[in-house]
file my_file-v4.csv (CSV, C-alpha atoms)
chain,number,residue,atom,x,y,z
C,1,LYS,CA,110.4,131.5,97.1
C,2,ALA,CA,110.0,128.0,98.5
C,3,GLY,CA,106.4,126.9,99.4
C,4,VAL,CA,105.1,125.4,102.5
C,5,THR,CA,106.7,122.1,103.3
C,6,GLN,CA,105.4,119.3,105.4
C,7,THR,CA,107.1,116.3,106.8
C,8,PRO,CA,106.6,113.4,106.7
C,9,ARG,CA,104.4,113.1,103.6
C,10,TYR,CA,103.1,109.7,104.6
C,11,LEU,CA,102.8,108.0,108.0
C,12,ILE,CA,101.3,104.8,109.3
C,13,LYS,CA,100.6,104.4,113.0
C,14,THR,CA,98.6,102.0,115.2
C,15,ARG,CA,95.8,102.9,117.5
C,16,GLY,CA,96.9,104.3,120.8
C,17,GLN,CA,100.2,105.7,119.5
C,18,GLN,CA,100.9,109.3,119.2
C,19,VAL,CA,102.2,111.2,116.2
C,20,THR,CA,104.0,114.6,115.5
C,21,LEU,CA,103.7,116.3,112.2
C,22,SER,CA,105.9,119.2,111.1
C,23,CYS,CA,105.2,122.3,108.9
C,24,SER,CA,107.6,124.9,107.6
C,25,PRO,CA,105.8,128.0,106.4
C,26,ILE,CA,106.8,130.2,103.5
C,27,SER,CA,109.8,132.4,104.5
C,28,GLY,CA,108.5,135.5,106.1
C,29,HIS,CA,105.1,134.1,106.9
C,30,ARG,CA,104.3,134.2,110.6
C,31,SER,CA,100.9,132.5,110.8
C,32,VAL,CA,100.4,128.8,110.5
C,33,SER,CA,97.1,127.0,110.4
C,34,TRP,CA,96.3,123.3,110.4
C,35,TYR,CA,93.5,121.5,108.8
C,36,GLN,CA,92.2,117.9,108.7
C,37,GLN,CA,90.7,116.5,105.5
C,38,THR,CA,88.7,113.3,105.4
C,39,PRO,CA,86.3,111.9,102.8
C,40,GLY,CA,83.4,112.1,105.2
C,41,GLN,CA,84.0,115.5,106.9
C,42,GLY,CA,85.9,117.4,104.2
C,43,LEU,CA,88.4,120.1,105.2
C,44,GLN,CA,88.1,121.1,108.8
C,45,PHE,CA,90.1,123.8,110.7
C,46,LEU,CA,92.1,122.5,113.6
C,47,PHE,CA,94.0,125.6,114.9
C,48,GLU,CA,96.0,128.6,114.0
C,49,TYR,CA,99.3,129.8,115.5
C,50,PHE,CA,100.8,133.3,115.3
C,51,SER,CA,103.9,134.4,117.1
C,52,GLU,CA,104.1,131.1,119.0
C,53,THR,CA,100.6,131.6,120.4
C,54,GLN,CA,97.5,129.7,119.4
C,55,ARG,CA,95.0,132.3,118.1
C,56,ASN,CA,92.1,130.2,116.9
C,57,LYS,CA,91.0,126.7,117.6
C,58,GLY,CA,88.5,124.5,115.8
C,59,ASN,CA,86.2,121.9,117.3
C,60,PHE,CA,88.6,119.0,117.9
C,61,PRO,CA,89.3,117.1,121.1
C,62,GLY,CA,92.2,117.9,123.3
C,63,ARG,CA,94.2,114.9,121.8
C,64,PHE,CA,95.0,117.3,119.0
C,65,SER,CA,97.6,119.9,120.0
C,66,GLY,CA,100.2,122.1,118.3
C,67,ARG,CA,102.9,124.6,118.9
C,68,GLN,CA,104.9,127.1,116.9
C,69,PHE,CA,108.5,127.9,117.3
C,70,SER,CA,110.3,131.3,117.1
C,71,ASN,CA,111.3,130.6,113.5
C,72,SER,CA,107.5,130.2,112.7
C,73,ARG,CA,107.9,126.5,112.1
C,74,SER,CA,105.0,124.5,113.6
C,75,GLU,CA,104.3,121.1,114.8
C,76,MET,CA,101.0,119.3,115.4
C,77,ASN,CA,100.6,116.4,117.8
C,78,VAL,CA,97.9,113.8,118.0
C,79,SER,CA,97.9,111.6,121.1
C,80,THR,CA,96.1,108.2,121.6
C,81,LEU,CA,95.4,107.8,117.9
C,82,GLU,CA,92.1,106.5,116.8
C,83,LEU,CA,91.1,104.9,113.5
C,84,GLY,CA,89.1,108.0,112.7
C,85,ASP,CA,92.2,110.1,112.8
C,86,SER,CA,93.2,108.7,109.5
C,87,ALA,CA,93.3,111.7,107.3
C,88,LEU,CA,95.3,114.2,105.2
C,89,TYR,CA,96.6,116.8,107.5
C,90,LEU,CA,97.3,120.1,105.8
C,91,CYS,CA,99.3,123.1,106.9
C,92,ALA,CA,98.8,126.6,105.6
C,93,SER,CA,100.8,129.7,106.1
C,94,SER,CA,99.9,133.4,105.7
C,95,SER,CA,101.8,136.6,106.2
C,96,LEU,CA,99.5,137.9,108.9
C,97,GLN,CA,97.4,136.5,111.7
C,98,GLY,CA,94.2,134.9,110.5
C,99,LYS,CA,94.6,136.2,107.0
C,100,ALA,CA,92.3,134.2,104.8
C,101,GLU,CA,94.7,134.3,101.9
C,102,GLN,CA,96.6,131.2,102.9
C,103,TYR,CA,99.1,129.0,101.1
C,104,PHE,CA,98.8,125.3,101.7
C,105,GLY,CA,101.5,122.6,101.8
C,106,PRO,CA,101.1,119.2,100.2
C,107,GLY,CA,99.9,117.6,103.4
C,108,THR,CA,100.8,114.6,105.5
C,109,ARG,CA,98.8,111.4,104.8
C,110,LEU,CA,98.3,109.7,108.2
C,111,THR,CA,96.9,106.2,108.3
C,112,VAL,CA,95.9,104.7,111.6
C,113,THR,CA,95.6,100.9,111.7
A,1,ASP,CA,80.8,132.4,109.0
A,2,ALA,CA,78.0,132.5,106.4
A,3,LYS,CA,77.2,129.2,104.7
A,4,THR,CA,77.7,128.8,101.0
A,5,THR,CA,76.0,126.6,98.4
A,6,GLN,CA,77.7,125.3,95.4
A,7,PRO,CA,76.7,122.7,92.7
A,8,PRO,CA,78.5,119.5,93.5
A,9,SER,CA,79.9,119.1,90.0
A,10,MET,CA,80.2,120.8,86.6
A,11,ASP,CA,81.7,120.0,83.2
A,12,CYS,CA,83.5,122.4,80.9
A,13,ALA,CA,85.0,122.0,77.5
A,14,GLU,CA,88.7,122.8,77.2
A,15,GLY,CA,89.3,126.3,76.0
A,16,ARG,CA,85.9,127.6,77.0
A,17,ALA,CA,85.1,129.7,80.0
A,18,ALA,CA,84.2,127.9,83.2
A,19,ASN,CA,81.6,129.8,85.3
A,20,LEU,CA,81.3,128.4,88.8
A,21,PRO,CA,78.4,129.8,90.8
A,22,CYS,CA,78.2,130.2,94.6
A,23,ASN,CA,75.2,131.3,96.7
A,24,HIS,CA,75.9,133.0,100.0
A,25,SER,CA,72.5,134.6,100.9
A,26,THR,CA,73.3,135.2,104.6
A,27,ILE,CA,76.6,136.9,104.0
A,28,SER,CA,77.2,139.9,106.3
A,29,GLY,CA,78.5,143.3,105.3
A,30,ASN,CA,82.1,142.8,106.3
A,31,GLU,CA,82.5,139.2,105.1
A,32,TYR,CA,84.7,138.5,102.1
A,33,VAL,CA,84.2,135.9,99.4
A,34,TYR,CA,87.2,133.7,98.9
A,35,TRP,CA,87.8,131.0,96.3
A,36,TYR,CA,90.2,128.2,96.6
A,37,ARG,CA,90.7,125.1,94.5
A,38,GLN,CA,92.2,121.7,95.2
A,39,ILE,CA,93.7,119.6,92.5
A,40,HIS,CA,93.8,115.9,93.3
A,41,SER,CA,96.4,114.9,95.9
A,42,GLN,CA,97.5,118.5,96.5
A,43,GLY,CA,96.8,121.1,99.1
A,44,PRO,CA,94.2,123.8,98.4
A,45,GLN,CA,95.4,126.7,96.3
A,46,TYR,CA,94.2,130.3,96.8
A,47,ILE,CA,92.6,131.8,93.7
A,48,ILE,CA,91.0,135.1,94.4
A,49,HIS,CA,88.9,137.0,96.9
A,50,GLY,CA,86.6,140.1,97.0
A,51,LEU,CA,84.3,142.1,99.2
A,52,LYS,CA,81.9,144.1,97.0
A,53,ASN,CA,83.7,144.9,93.7
A,54,ASN,CA,84.5,142.5,90.9
A,55,GLU,CA,88.1,141.3,91.0
A,56,THR,CA,90.4,139.9,88.4
A,57,ASN,CA,93.9,138.4,88.6
A,58,GLU,CA,96.1,136.2,86.5
A,59,MET,CA,94.1,133.1,87.4
A,60,ALA,CA,90.5,134.1,87.4
A,61,SER,CA,87.8,136.7,87.7
A,62,LEU,CA,85.3,137.0,90.5
A,63,ILE,CA,81.9,138.6,89.9
A,64,ILE,CA,79.9,139.5,93.0
A,65,THR,CA,76.2,140.5,92.6
A,66,GLU,CA,75.2,143.9,93.9
A,67,ASP,CA,73.3,142.4,96.8
A,68,ARG,CA,76.3,140.2,97.6
A,69,LYS,CA,74.1,137.1,97.9
A,70,SER,CA,75.9,135.3,95.2
A,71,SER,CA,79.1,135.2,93.2
A,72,THR,CA,80.6,133.6,90.2
A,73,LEU,CA,84.2,132.5,89.6
A,74,ILE,CA,85.2,132.7,86.0
A,75,LEU,CA,88.1,130.8,84.5
A,76,PRO,CA,88.3,132.5,81.1
A,77,HIS,CA,90.0,129.7,79.1
A,78,ALA,CA,89.8,126.4,81.0
A,79,THR,CA,92.5,123.9,80.5
A,80,LEU,CA,92.7,120.2,81.6
A,81,ARG,CA,94.9,121.3,84.5
A,82,ASP,CA,92.0,123.3,85.9
A,83,THR,CA,90.2,120.1,86.7
A,84,ALA,CA,89.8,120.3,90.5
A,85,VAL,CA,87.4,120.9,93.4
A,86,TYR,CA,86.6,124.6,93.7
A,87,TYR,CA,85.6,125.9,97.1
A,88,CYS,CA,83.7,129.1,97.7
A,89,ILE,CA,84.2,130.4,101.2
A,90,VAL,CA,82.7,133.4,103.0
A,91,ALA,CA,84.8,134.7,105.9
A,92,LEU,CA,85.7,137.7,107.9
A,93,ALA,CA,89.1,139.1,107.1
A,94,GLY,CA,91.3,137.7,109.7
A,95,ASN,CA,89.3,134.6,110.4
A,96,MET,CA,89.7,130.9,109.9
A,97,LEU,CA,88.5,129.2,106.7
A,98,THR,CA,85.5,127.0,106.7
A,99,PHE,CA,85.4,124.7,103.7
A,100,GLY,CA,82.2,123.3,102.3
A,101,GLY,CA,81.8,120.5,99.8
A,102,GLY,CA,82.9,122.6,96.8
A,103,THR,CA,82.2,122.1,93.1
A,104,ARG,CA,84.1,119.3,91.3
A,105,LEU,CA,85.0,120.9,87.9
A,106,MET,CA,85.8,118.5,85.1
A,107,VAL,CA,87.5,120.1,82.1
A,108,LYS,CA,87.0,117.8,79.1
A,109,PRO,CA,89.0,117.8,75.8
call {"tool": "encode", "arguments": {"input": "my_file-v4.csv", "output": "structure tokens"}}
result
Amino acid sequence: KAGVTQTPRYLIKTRGQQVTLSCSPISGHRSVSWYQQTPGQGLQFLFEYFSETQRNKGNFPGRFSGRQFSNSRSEMNVSTLELGDSALYLCASSSLQGKAEQYFGPGTRLTVT
Amino acid sequence: DAKTTQPPSMDCAEGRAANLPCNHSTISGNEYVYWYRQIHSQGPQYIIHGLKNNETNEMASLIITEDRKSSTLILPHATLRDTAVYYCIVALAGNMLTFGGGTRLMVKP
């Protein structure tokens, strides 16, 4: 069974731009969660989607948004990028909503200059 | 979610058991203990979880004290590939994961 895939793996953007990251969960998994990892703050939960609806949200500004499609694939969008948004963005899937046994993708490394 | 406390780093000799402790003194009765690890440049990997009883799978064993205020993850025969950051997380079933600083385990030849 294929694992969680994330595209692109690396991305460089400039301040003020926006970015869209994509995540394809494990086949059959319907829940997708997003996390941000930085050296200073560690791994932080962004949001979770299940059946195309956001079920949980972390403490991030409204510039961070996401969506989930009917095939469970998910996208995350960050608008008006700031230098502090430079991070590894991780996507995780699980078979049920909010199930803590999650399977992570390799992440997208975003650099904002 | 209850907060966890882990040592920032540990060393272990290759082939020996690695015992990683975690304190979670404020855990509530329906919160689970989860362990994940993150090998350099990869996404976190689920290892094991438990509520009250000790658990074992092909990767590791989880020992939870009777009062549930602490737990130990045991890697029975550590290899160099087990070098990673290990995260102990306490969470309600069906809740988001809150990662702390974890323990950086270095397995040495």
call {"tool": "residues_around", "arguments": {"input": "my_file-v4.csv", "residues": "region 86-94 of chain A", "least_positions_apart": "3", "cutoff": "8 Å", "atoms": "only C-alpha atoms", "output": "PyMOL selection string"}}
result
(chain C and resi 97-100) or (chain A and resi 1-4+6+22+24+27+30-38+97-105)
call {"tool": "interface_residues", "arguments": {"input": "my_file-v4.csv", "of": "chain C", "to": "chain A", "cutoff": "9 Å", "atoms": "all atoms listed in the file", "output": "ChimeraX atom specification"}}
result
/C:33,41-45,47-48,56-58,90-92,96-107
call {"tool": "residues_near_point", "arguments": {"input": "my_file-v4.csv", "point": "(111.7, 128.6, 100.4)", "cutoff": "8 Å", "atoms": "all atoms listed in the file", "output": "PyMOL selection string"}}
result
chain C and resi 1-4+26-27
call {"tool": "write_last_selection", "arguments": {"input": "my_file-v4.csv", "atoms": "C-alpha atoms", "output": "PDB file, in the coordinates of the input"}}
result
ATOM      1  CA  LYS C   1     110.400 131.500  97.100  1.00  0.00           C
ATOM      2  CA  ALA C   2     110.000 128.000  98.500  1.00  0.00           C
ATOM      3  CA  GLY C   3     106.400 126.900  99.400  1.00  0.00           C
ATOM      4  CA  VAL C   4     105.100 125.400 102.500  1.00  0.00           C
ATOM      5  CA  ILE C  26     106.800 130.200 103.500  1.00  0.00           C
ATOM      6  CA  SER C  27     109.800 132.400 104.500  1.00  0.00           C
TER       7      SER C  27
END
call {"tool": "atom_distance", "arguments": {"input": "my_file-v4.csv", "atom1": "CA of Pro25 (chain C)", "atom2": "CA of Tyr49 (chain C)"}}
result
11.3 Å
call {"tool": "closest_residue", "arguments": {"input": "my_file-v4.csv", "among": "A:Arg68, A:Lys108, A:His77, A:Arg16", "to": "Leu51 (chain A)", "atoms": "only C-alpha atoms"}}
result
A:Arg68
